[in-house]
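Text of final38.txt, listed as compact mmCIF, C-alpha atoms:
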```
# COMPACT_ATOMS: atom_id res chain seq x y z
CA MET A 107 -20.93 25.28 35.18
CA GLU A 108 -21.29 21.51 34.79
CA TRP A 109 -18.08 19.60 34.11
CA LEU A 110 -18.08 16.61 31.80
CA ASN A 111 -16.18 13.59 33.12
CA TYR A 112 -13.90 12.76 30.20
CA HIS A 113 -12.93 9.46 31.79
CA HIS A 114 -16.57 8.37 31.52
CA LEU A 115 -16.68 9.73 27.97
CA GLN A 116 -13.64 7.69 26.96
CA TYR A 117 -15.23 4.49 28.25
CA PHE A 118 -18.44 5.26 26.35
CA TRP A 119 -16.44 6.08 23.17
CA THR A 120 -14.46 2.84 23.40
CA VAL A 121 -17.60 0.73 23.91
CA ALA A 122 -19.19 2.35 20.86
CA ARG A 123 -16.03 1.88 18.74
CA GLU A 124 -15.37 -1.71 19.81
CA GLY A 125 -18.99 -2.80 19.55
CA GLY A 126 -19.68 -3.82 23.14
CA ILE A 127 -18.59 -3.86 26.77
CA ALA A 128 -16.64 -7.14 26.51
CA ALA A 129 -14.53 -5.88 23.60
CA ALA A 130 -13.99 -2.52 25.33
CA SER A 131 -12.92 -4.37 28.48
CA ARG A 132 -10.20 -6.18 26.52
CA LYS A 133 -9.12 -2.96 24.81
CA LEU A 134 -8.91 -0.91 28.00
CA HIS A 135 -7.76 -3.75 30.31
CA VAL A 136 -10.58 -2.81 32.69
CA GLY A 137 -13.22 -5.10 34.17
CA ARG A 138 -16.69 -5.19 32.65
CA PRO A 139 -18.49 -4.09 35.85
CA SER A 140 -16.31 -0.99 36.02
CA ILE A 141 -17.13 -0.06 32.40
CA SER A 142 -20.86 -0.66 32.97
CA MET A 143 -20.78 1.60 36.02
CA GLN A 144 -19.00 4.36 34.07
CA LEU A 145 -21.60 4.16 31.28
CA LYS A 146 -24.45 4.44 33.79
CA SER A 147 -22.77 7.48 35.36
CA LEU A 148 -22.47 9.17 31.96
CA GLU A 149 -26.11 8.42 31.11
CA ALA A 150 -27.15 9.81 34.49
CA PHE A 151 -25.14 12.97 33.77
CA PHE A 152 -26.92 13.50 30.43
CA GLY A 153 -30.26 12.29 31.75
CA VAL A 154 -30.94 10.08 28.71
CA PRO A 155 -29.91 6.58 27.61
CA LEU A 156 -26.96 6.40 25.21
CA PHE A 157 -27.30 2.72 24.30
CA VAL A 158 -30.21 0.37 23.76
CA ARG A 159 -29.75 -3.39 23.93
CA ARG A 160 -30.60 -5.43 20.81
CA GLY A 161 -30.25 -9.06 21.81
CA ARG A 162 -26.59 -9.56 22.72
CA TYR A 163 -25.47 -6.22 21.25
CA LEU A 164 -25.54 -2.59 22.31
CA GLU A 165 -26.82 -0.08 19.78
CA LEU A 166 -26.39 3.69 20.02
CA THR A 167 -29.52 5.76 20.55
CA ASP A 168 -29.99 9.00 18.61
CA THR A 169 -28.47 10.90 21.54
CA GLY A 170 -25.72 8.28 21.77
CA ARG A 171 -24.76 8.90 18.14
CA LEU A 172 -24.64 12.64 18.81
CA VAL A 173 -22.40 12.13 21.86
CA TYR A 174 -20.20 9.72 19.89
CA ASP A 175 -19.63 12.27 17.11
CA TYR A 176 -18.56 14.88 19.66
CA ALA A 177 -16.35 12.34 21.43
CA GLU A 178 -14.62 11.53 18.12
CA ASP A 179 -13.75 15.21 17.69
CA ILE A 180 -12.67 15.61 21.30
CA PHE A 181 -10.30 12.64 21.32
CA ARG A 182 -8.96 13.40 17.84
CA THR A 183 -8.07 16.91 18.99
CA GLY A 184 -6.53 15.47 22.14
CA ARG A 185 -4.28 13.16 20.12
CA GLU A 186 -3.24 16.09 17.94
CA LEU A 187 -2.36 18.09 21.06
CA VAL A 188 -0.20 15.27 22.42
CA ASP A 189 1.52 14.89 19.04
CA ALA A 190 2.15 18.62 18.83
CA VAL A 191 3.56 18.94 22.35
CA ARG A 192 5.27 15.60 22.91
CA GLY A 193 5.34 13.93 19.51
CA ARG A 194 8.70 15.38 18.55
CA PRO A 195 11.31 15.32 21.32
CA PRO A 196 13.99 18.03 20.96
CA GLY A 197 16.74 17.06 18.55
CA ARG A 198 14.75 14.26 16.91
CA ALA A 199 13.29 14.12 13.42
CA MET A 200 9.54 14.59 12.97
CA PRO A 201 7.76 11.37 11.92
CA PHE A 202 5.76 11.53 8.68
CA ARG A 203 3.43 8.53 8.44
CA VAL A 204 2.17 7.85 4.93
CA GLY A 205 -0.17 5.13 3.68
CA ILE A 206 0.27 4.13 0.04
CA ALA A 207 -2.41 2.20 -1.83
CA ASP A 208 -0.96 -1.18 -2.83
CA VAL A 209 -2.07 -0.91 -6.46
CA MET A 210 -0.55 2.56 -6.90
CA ALA A 211 2.64 2.84 -8.98
CA LYS A 212 5.52 3.31 -6.55
CA LEU A 213 7.37 5.63 -8.92
CA VAL A 214 4.33 7.92 -8.82
CA ALA A 215 4.17 7.71 -5.01
CA PHE A 216 7.84 8.66 -4.84
CA GLN A 217 7.22 11.66 -7.09
CA LEU A 218 4.31 12.78 -4.92
CA LEU A 219 6.39 12.59 -1.74
CA LEU A 220 9.38 14.53 -3.10
CA PRO A 221 8.11 17.99 -2.02
CA ALA A 222 7.94 16.83 1.61
CA LEU A 223 11.49 15.50 1.48
CA ASP A 224 12.72 18.94 0.44
CA LEU A 225 11.47 20.59 3.66
CA ASP A 226 13.99 22.36 5.87
CA GLU A 227 12.70 20.36 8.84
CA GLU A 228 14.19 16.92 9.41
CA LEU A 229 11.67 14.15 8.76
CA THR A 230 11.55 10.42 9.28
CA LEU A 231 9.37 9.03 6.49
CA GLN A 232 7.32 5.99 7.56
CA CYS A 233 5.50 4.31 4.66
CA ARG A 234 2.79 1.68 4.98
CA GLU A 235 1.29 -0.13 1.99
CA ASP A 236 -2.20 -1.63 2.09
CA HIS A 237 -5.65 -1.62 0.53
CA PRO A 238 -7.06 1.96 0.36
CA ASN A 239 -10.05 1.24 2.62
CA ARG A 240 -7.80 -0.05 5.40
CA LEU A 241 -5.55 2.98 5.02
CA PHE A 242 -8.56 5.31 5.22
CA ALA A 243 -9.54 3.62 8.49
CA GLU A 244 -6.06 4.25 9.91
CA LEU A 245 -6.25 7.87 8.77
CA ALA A 246 -9.52 8.21 10.71
CA VAL A 247 -7.91 7.16 14.00
CA HIS A 248 -4.87 9.42 13.58
CA GLU A 249 -2.42 6.60 12.82
CA LEU A 250 -1.48 8.11 9.43
CA ASP A 251 -0.73 11.68 8.40
CA LEU A 252 -1.53 11.19 4.71
CA VAL A 253 -2.81 8.56 2.27
CA LEU A 254 -1.73 8.36 -1.37
CA SER A 255 -4.23 6.50 -3.49
CA ASP A 256 -5.54 5.97 -7.01
CA ILE A 257 -9.10 6.42 -5.68
CA ALA A 258 -10.64 9.28 -3.72
CA LEU A 259 -12.25 8.93 -0.33
CA GLY A 260 -15.92 8.26 -1.10
CA PRO A 261 -18.84 10.13 0.50
CA GLY A 262 -20.05 6.93 2.18
CA VAL A 263 -16.82 6.48 4.17
CA ASP A 264 -17.03 7.82 7.73
CA VAL A 265 -13.67 9.61 7.70
CA LYS A 266 -13.23 13.36 8.09
CA ALA A 267 -10.65 14.09 5.43
CA TYR A 268 -10.00 16.02 2.23
CA ASN A 269 -9.33 14.65 -1.26
CA HIS A 270 -6.60 16.48 -3.18
CA LEU A 271 -6.34 15.54 -6.85
CA MET A 272 -2.60 15.62 -7.54
CA GLY A 273 -2.71 14.68 -11.21
CA GLU A 274 -3.72 12.05 -13.73
CA SER A 275 -2.15 10.04 -16.51
CA THR A 276 -3.00 7.75 -19.38
CA ILE A 277 -1.77 4.16 -19.24
CA THR A 278 1.03 2.59 -21.29
CA LEU A 279 1.43 -1.16 -21.79
CA PHE A 280 4.90 -2.67 -21.36
CA ALA A 281 6.55 -6.04 -21.96
CA ALA A 282 10.01 -7.60 -21.83
CA PRO A 283 11.87 -6.95 -25.14
CA ALA A 284 11.37 -10.43 -26.62
CA LEU A 285 7.64 -10.46 -25.90
CA ALA A 286 7.25 -6.84 -27.06
CA LYS A 287 8.92 -7.66 -30.39
CA LYS A 288 6.51 -10.54 -30.91
CA LEU A 289 3.41 -8.45 -30.14
CA ARG A 290 4.32 -5.14 -31.74
CA ARG A 291 3.45 -5.96 -35.37
CA ARG A 292 -0.32 -6.26 -34.94
CA TYR A 293 -0.71 -4.31 -31.69
CA PRO A 294 -3.24 -3.95 -30.08
CA GLN A 295 -5.03 -6.90 -31.77
CA SER A 296 -1.94 -9.01 -31.02
CA LEU A 297 -2.89 -8.84 -27.34
CA SER A 298 -5.60 -11.49 -27.91
CA GLY A 299 -4.27 -14.66 -26.35
CA ALA A 300 -1.10 -12.92 -25.11
CA PRO A 301 -0.09 -13.36 -21.45
CA PHE A 302 -1.24 -10.37 -19.40
CA LEU A 303 -0.44 -9.27 -15.84
CA MET A 304 -3.40 -7.43 -14.33
CA PRO A 305 -3.95 -5.25 -11.26
CA SER A 306 -6.20 -6.97 -8.74
CA VAL A 307 -9.94 -7.17 -9.33
CA ASN A 308 -12.25 -4.37 -8.14
CA THR A 309 -9.64 -1.68 -8.81
CA ALA A 310 -10.46 1.33 -10.96
CA ILE A 311 -7.60 0.69 -13.40
CA ARG A 312 -8.58 -2.98 -13.83
CA ARG A 313 -12.15 -2.07 -14.74
CA SER A 314 -11.00 0.57 -17.21
CA LEU A 315 -8.54 -1.79 -18.89
CA GLU A 316 -11.14 -4.53 -19.23
CA GLN A 317 -13.60 -2.07 -20.78
CA TRP A 318 -10.95 -0.91 -23.28
CA MET A 319 -10.21 -4.52 -24.25
CA GLU A 320 -13.89 -5.32 -24.60
CA ASP A 321 -14.39 -2.30 -26.89
CA LEU A 322 -11.54 -3.54 -29.12
CA ASP A 323 -12.70 -7.17 -28.91
CA VAL A 324 -9.25 -8.06 -27.53
CA ARG A 325 -9.04 -11.00 -25.11
CA PRO A 326 -5.61 -11.57 -23.56
CA THR A 327 -4.85 -14.48 -21.24
CA VAL A 328 -4.61 -13.17 -17.69
CA VAL A 329 -1.74 -15.12 -16.13
CA GLY A 330 -1.40 -13.08 -12.95
CA GLU A 331 -3.32 -10.66 -10.74
CA PHE A 332 -1.44 -8.39 -8.34
CA GLU A 333 -2.29 -6.05 -5.50
CA ASP A 334 1.32 -4.86 -5.36
CA SER A 335 2.17 -2.81 -8.44
CA ALA A 336 5.93 -3.23 -7.91
CA LEU A 337 5.63 -7.04 -7.86
CA LEU A 338 3.53 -6.89 -11.05
CA LYS A 339 6.40 -5.06 -12.79
CA VAL A 340 8.97 -7.58 -11.58
CA PHE A 341 6.98 -10.38 -13.21
CA GLY A 342 6.69 -8.27 -16.35
CA GLN A 343 10.44 -7.69 -16.32
CA ALA A 344 10.91 -11.47 -16.24
CA GLY A 345 8.88 -11.81 -19.45
CA ARG A 346 5.84 -13.36 -17.82
CA GLY A 347 3.35 -11.03 -19.51
CA VAL A 348 2.28 -7.57 -20.67
CA PHE A 349 1.58 -5.10 -17.88
CA PRO A 350 0.22 -1.53 -17.46
CA ALA A 351 1.88 1.48 -15.85
CA PRO A 352 1.16 5.23 -15.88
CA THR A 353 2.47 6.98 -18.97
CA ILE A 354 3.92 9.80 -16.82
CA VAL A 355 6.59 7.38 -15.56
CA LYS A 356 7.07 5.63 -18.92
CA GLU A 357 10.77 6.43 -19.25
CA ARG A 358 11.55 5.45 -15.67
CA VAL A 359 9.67 2.16 -15.96
CA SER A 360 11.48 1.29 -19.20
CA LYS A 361 14.89 2.10 -17.71
CA GLN A 362 14.39 0.59 -14.25
CA TYR A 363 12.84 -2.69 -15.41
CA GLY A 364 14.49 -3.05 -18.83
CA VAL A 365 11.14 -3.35 -20.60
CA THR A 366 9.74 -1.95 -23.85
CA ALA A 367 6.66 0.24 -24.24
CA LEU A 368 4.11 -1.39 -26.55
CA GLY A 369 1.79 1.59 -26.77
CA GLU A 370 -0.21 4.19 -24.90
CA VAL A 371 -3.84 3.51 -23.99
CA ALA A 372 -5.31 7.00 -24.25
CA GLU A 373 -8.81 5.78 -23.31
CA VAL A 374 -7.66 4.61 -19.86
CA ARG A 375 -6.67 7.26 -17.32
CA GLU A 376 -5.45 6.86 -13.77
CA ARG A 377 -5.88 9.56 -11.13
CA PHE A 378 -3.66 10.17 -8.11
CA TYR A 379 -4.97 11.55 -4.83
CA ALA A 380 -3.44 12.76 -1.60
CA ILE A 381 -5.98 12.36 1.20
CA SER A 382 -5.32 14.44 4.31
CA PRO A 383 -7.28 14.35 7.58
CA GLU A 384 -9.19 17.27 9.07
CA ARG A 385 -6.87 18.56 11.78
CA ARG A 386 -6.40 21.80 13.62
CA ILE A 387 -2.63 21.35 13.56
CA LYS A 388 -1.40 20.44 10.08
CA HIS A 389 1.72 18.38 9.52
CA PRO A 390 4.21 20.55 7.58
CA ALA A 391 4.94 17.73 5.12
CA VAL A 392 1.22 17.34 4.37
CA ALA A 393 0.89 21.08 3.84
CA ARG A 394 3.81 21.07 1.36
CA ILE A 395 2.41 18.13 -0.63
CA VAL A 396 -1.09 19.61 -0.73
CA GLU A 397 0.39 22.84 -2.07
CA ARG A 398 1.47 20.85 -5.09
CA ALA A 399 -2.14 19.90 -5.74
CA LYS A 400 -2.57 23.41 -7.15
CA LYS A 401 0.08 22.68 -9.79
CA SER A 402 1.04 19.75 -11.97
CA MET A 403 3.18 17.40 -9.93
CA PHE A 404 5.20 16.43 -12.97
CA ASN A 405 6.03 19.86 -14.34
CA ASP A 406 9.48 19.92 -12.73
```
Just give me the structure of the file as structure tokens.
Amino acid sequence: MEWLNYHHLQYFWTVAREGGIAAASRKLHVGRPSISMQLKSLEAFFGVPLFVRRGRYLELTDTGRLVYDYAEDIFRTGRELVDAVRGRPPGRAMPFRVGIADVMAKLVAFQLLLPALDLDEELTLQCREDHPNRLFAELAVHELDLVLSDIALGPGVDVKAYNHLMGESTITLFAAPALAKKLRRRYPQSLSGAPFLMPSVNTAIRRSLEQWMEDLDVRPTVVGEFEDSALLKVFGQAGRGVFPAPTIVKERVSKQYGVTALGEVAEVRERFYAISPERRIKHPAVARIVERAKKSMFND
């Protein structure tokens, strides 16, 4: 039986991931000649080239891409094994690393995470907020256990993971009491010219809101654009403009921020996803949250 040298495979995998020998050398803290020698040894073992040089860059051959896909699975499984055996020292809480899309309502994220917090096992919740695409990349390299997002993982993204639709909601528009009183009489036409706080561009909710406004021929004045949904609400609380939030947390938003609901936008719906990676060993908190995907998360 022939034995694959996994040390050689790791060097190959790192070169492919980092885009070249120089970058892999910096990542691994190993000299370039040593990495080149390891690559040649691996190619000799397989009997075919794994890279072809294109100018200054190395490009995977067809066989190289096949080997890379297998290496991804091998090292992902290896990281899972280490996590399972050593990742939780006796007497210490299990880490639960969650990425939360920056535009996602934090009250919704909290509601989604509640089932995990009710586990008998002791957890340390570690939350990271960022753009969904960057969170998906971290999920791919085993740095996150789960991603909560308002968008699903698309088919063009090279991440082995599952989309779990947790629920959806219409949108309600809110404003500080004084501004809401001024706009309520002719709502929604009164939104024309009114100050409006928008989610950042190229988000699903932003596009839907703009389409709704265009259909009504309503043109508010956008005075702020926010990636962070919590910061958007703080500005709304201060009376700086009208802002959207999911209707399912309408009462909580009104109470927490002291704002008034102007009206529900039934034509605009926001979806909430839990994206979990393909793993042989499933995190118990992920399993509990995904269970809730079979039910309505807001029935309780």
Minimum-distance residue to Phe349 of chain A, chosen among A:Arg292, A:Arg162, A:His135, A:Arg312 (using only C-alpha atoms): A:Arg312
A:Gly125, A:Pro326, A:Gly137, A:Pro294 ranked by distance to Tyr163 of chain A, top pick (using all atoms listed in the file):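 Among the listed residues, the smallest separation from Tyr163 of chain A belongs to A:Gly125.
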Check the smallest atom-to-atom distance from each of A:Glu244, A:Leu115, A:Arg398, A:Leu254 to Phe216 of chain A using all atoms listed in the file, then report the winner.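 Nearest candidate to Phe216 of chain A out of A:Glu244, A:Leu115, A:Arg398, A:Leu254: A:Leu254.
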Within 7 Å of segment 363-379 of chain A, counting all atoms listed in the file, which residues qualify if same-chain residues fewer than 3 places away don't, as a PDB file with C-alpha atoms, in the frame of the given file?
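The result, stored in result.pdb:
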```pdb
ATOM      1  CA  LEU A 254      -1.730   8.360  -1.370  1.00  0.00           C
ATOM      2  CA  SER A 255      -4.230   6.500  -3.490  1.00  0.00           C
ATOM      3  CA  ASP A 256      -5.540   5.970  -7.010  1.00  0.00           C
ATOM      4  CA  ILE A 257      -9.100   6.420  -5.680  1.00  0.00           C
ATOM      5  CA  ALA A 258     -10.640   9.280  -3.720  1.00  0.00           C
ATOM      6  CA  ASN A 269      -9.330  14.650  -1.260  1.00  0.00           C
ATOM      7  CA  HIS A 270      -6.600  16.480  -3.180  1.00  0.00           C
ATOM      8  CA  LEU A 271      -6.340  15.540  -6.850  1.00  0.00           C
ATOM      9  CA  MET A 272      -2.600  15.620  -7.540  1.00  0.00           C
ATOM     10  CA  GLY A 273      -2.710  14.680 -11.210  1.00  0.00           C
ATOM     11  CA  GLU A 274      -3.720  12.050 -13.730  1.00  0.00           C
ATOM     12  CA  SER A 275      -2.150  10.040 -16.510  1.00  0.00           C
ATOM     13  CA  THR A 276      -3.000   7.750 -19.380  1.00  0.00           C
ATOM     14  CA  ILE A 277      -1.770   4.160 -19.240  1.00  0.00           C
ATOM     15  CA  THR A 278       1.030   2.590 -21.290  1.00  0.00           C
ATOM     16  CA  LEU A 279       1.430  -1.160 -21.790  1.00  0.00           C
ATOM     17  CA  PHE A 280       4.900  -2.670 -21.360  1.00  0.00           C
ATOM     18  CA  ALA A 281       6.550  -6.040 -21.960  1.00  0.00           C
ATOM     19  CA  ALA A 282      10.010  -7.600 -21.830  1.00  0.00           C
ATOM     20  CA  PRO A 283      11.870  -6.950 -25.140  1.00  0.00           C
ATOM     21  CA  ALA A 286       7.250  -6.840 -27.060  1.00  0.00           C
ATOM     22  CA  ARG A 290       4.320  -5.140 -31.740  1.00  0.00           C
ATOM     23  CA  ILE A 311      -7.600   0.690 -13.400  1.00  0.00           C
ATOM     24  CA  SER A 314     -11.000   0.570 -17.210  1.00  0.00           C
ATOM     25  CA  LEU A 315      -8.540  -1.790 -18.890  1.00  0.00           C
ATOM     26  CA  GLN A 343      10.440  -7.690 -16.320  1.00  0.00           C
ATOM     27  CA  VAL A 359       9.670   2.160 -15.960  1.00  0.00           C
ATOM     28  CA  SER A 360      11.480   1.290 -19.200  1.00  0.00           C
TER      29      SER A 360
END
```
Out of A:Gly126, A:Lys133, A:Leu338, A:Val307, which residue has the shortest atom-to-atom distance to Arg160 of chain A when counting all atoms listed in the file?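 Closest to Arg160 of chain A, using all atoms listed in the file: A:Gly126.
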Would you mind reading off the distance between atom CA of Ala211 of chain A and atom CA of Leu322 of chain A, one decimal, in Å?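 Calculated distance between atom CA of Ala211 of chain A and atom CA of Leu322 of chain A is 25.4 Å.
One finds atom CA of Ile127 of chain A at 11.2 Å from atom CA of Phe157 of chain A.
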